[in-house]
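Shown next, in structure tokens, is the structure this report addresses.
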Amino acid sequence: MIQTFIQAKAELDALFTATFTGTWSTIAQNAGAPATNLYVSLHNADPLNGGSQNTNETAYTNYARIAVARTTGGWTTALGSGTTFSSVSNTAAITFAACGVTGDTLTHWGIGLSASGAGTLLASGPIGPVAGPDVPFTCTSASPGILTCYGYTPVVNDRVSVYQLPGQEGLPTGLTEGTVYYVGTAPGGNTLTLSTTTANGSPVNTSSTGSGVICKSGPLVVSSGVTPSFSAGQLAFQKG
């Protein structure tokens, strides 16, 4: 399972609050003690910014969140500069419990503060056994909207999601962050249109121009005996 984009508003809000007030309320536990672990979760739909750790969280048989130490032994960071994103990845493998009787179709991961329940969600993004890097795109205002992607050659029926870049123009009206779309048409080069269903069954119209990043992914079907896992460095995500 691989994906390389992140929704991390809660984490950035915590840093902002800490900078100006000295309060680390978002990443503290037990009356202000610093959190020692972060917890990785799996979801069957996008938990989105504003969601909790249990928003659309899977409940396949034997599933539980995985604790990852909030240290360099748990996470590897690389700070970007200029147009280069900062990035974070898991230092060691993250292995979930093998699925029992009842399975699920997994589409997203999350990272938060609690081992269970509706804890604070710090980051989330799409997952899948078929994945590609997140790449920037621009989009026209048209019916359907035409996206030009920089570094991705689309194929009809590719499963994708779009995300807004901080400080940029923003997504065009008609596209929703985190929604699963399919490449509806791929007329050539790096251009494409989107559909909410396969085979271009429901083309997506846009009523304004915009930009963002597009992420190719694929669902992970978990059935009895399947063990979801991220190998070291495979859960990699970025923030501008």
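Labels for the structure tokens follow display order: chains A, B, ..., residues from 1 in each chain, ligands from 1.
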Expected answer as a CSV table (one decimal) with N, CA and C atoms, in the first residue's frame: helix (DSSP H, G or I) residues in range 11-203 of chain A:
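Wrote it out as result04.csv, contents follow:
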chain,number,residue,atom,x,y,z
A,11,GLU,N,-2.4,18.9,12.5
A,11,GLU,CA,-1.1,19.0,12.9
A,11,GLU,C,-0.5,20.4,12.7
A,12,LEU,N,-0.8,21.1,11.6
A,12,LEU,CA,-0.3,22.4,11.3
A,12,LEU,C,-1.0,23.4,12.3
A,13,ASP,N,-2.3,23.2,12.6
A,13,ASP,CA,-2.9,24.0,13.6
A,13,ASP,C,-2.3,23.9,15.0
A,14,ALA,N,-1.9,22.7,15.3
A,14,ALA,CA,-1.2,22.5,16.6
A,14,ALA,C,0.1,23.2,16.6
A,15,LEU,N,0.9,23.2,15.5
A,15,LEU,CA,2.2,23.9,15.5
A,15,LEU,C,2.0,25.4,15.6
A,16,PHE,N,1.0,25.9,14.9
A,16,PHE,CA,0.7,27.3,15.0
A,16,PHE,C,0.3,27.8,16.4
A,17,THR,N,-0.6,27.0,17.0
A,17,THR,CA,-1.0,27.3,18.4
A,17,THR,C,0.2,27.2,19.3
A,18,ALA,N,1.1,26.2,19.2
A,18,ALA,CA,2.3,26.1,20.0
A,18,ALA,C,3.2,27.3,19.9
A,19,THR,N,3.4,27.7,18.6
A,19,THR,CA,4.3,28.8,18.3
A,19,THR,C,3.8,30.1,19.0
A,20,PHE,N,2.5,30.4,19.0
A,20,PHE,CA,2.1,31.7,19.5
A,20,PHE,C,1.6,31.6,21.0
A,21,THR,N,1.2,30.4,21.5
A,21,THR,CA,0.6,30.4,22.8
A,21,THR,C,1.4,29.4,23.7
A,25,SER,N,-1.8,21.4,22.8
A,25,SER,CA,-3.0,20.6,23.2
A,25,SER,C,-3.3,19.5,22.2
A,26,THR,N,-3.0,19.7,20.9
A,26,THR,CA,-3.4,18.7,19.9
A,26,THR,C,-2.5,17.5,20.0
A,27,ILE,N,-1.3,17.6,20.4
A,27,ILE,CA,-0.4,16.5,20.4
A,27,ILE,C,0.1,16.2,21.8
A,198,THR,N,-17.0,4.6,-13.3
A,198,THR,CA,-16.1,4.0,-14.4
A,198,THR,C,-16.8,4.2,-15.7
A,199,ALA,N,-16.0,4.0,-16.8
A,199,ALA,CA,-16.4,4.1,-18.2
A,199,ALA,C,-17.0,5.5,-18.5
A,200,ASN,N,-16.6,6.5,-17.8
A,200,ASN,CA,-17.0,7.9,-18.0
A,200,ASN,C,-18.5,8.0,-17.9
If you count only C-alpha atoms, which residues fall within 9 Å of Thr206 in chain A, apart from same-chain ones fewer than 4 positions away, as a CSV table (one decimal) with C-alpha atoms, in the first residue's frame?
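Result file part_22.csv:
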chain,number,residue,atom,x,y,z
A,139,CYS,CA,-8.0,22.5,-14.5
A,140,THR,CA,-10.2,24.5,-16.9
A,141,SER,CA,-13.8,25.7,-16.3
A,142,ALA,CA,-15.7,23.4,-18.7
A,143,SER,CA,-18.2,20.6,-19.1
A,144,PRO,CA,-16.4,18.4,-18.3
A,145,GLY,CA,-13.4,20.1,-16.7
A,146,ILE,CA,-10.1,19.3,-18.4
A,172,PRO,CA,-12.0,24.2,-9.2
A,173,THR,CA,-15.6,24.4,-8.3
A,174,GLY,CA,-17.0,20.9,-9.0
A,175,LEU,CA,-14.1,18.9,-7.6
Selection near Asp46 in chain A, 7 Å with only C-alpha atoms, sequence-local residues under 4 positions removed, as a ChimeraX atom specification:
/A:56,108,178
Written file, previous selection with C-alpha atoms, as an mmCIF file, in the first residue's frame:
data_model
loop_
_atom_site.group_PDB
_atom_site.id
_atom_site.type_symbol
_atom_site.label_atom_id
_atom_site.label_comp_id
_atom_site.auth_asym_id
_atom_site.auth_seq_id
_atom_site.Cartn_x
_atom_site.Cartn_y
_atom_site.Cartn_z
ATOM 1 C CA ASN A 56 -15.123 5.719 8.071
ATOM 2 C CA HIS A 108 -7.547 5.394 3.016
ATOM 3 C CA GLY A 178 -10.653 13.272 -1.161
#
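Residues in contact with Tyr60 in chain A at 7 Å, where only C-alpha atoms are counted and same-chain residues fewer than 4 positions away are skipped, are listed as Cys99, Thr102, Gly103 and Asp104 of chain A.
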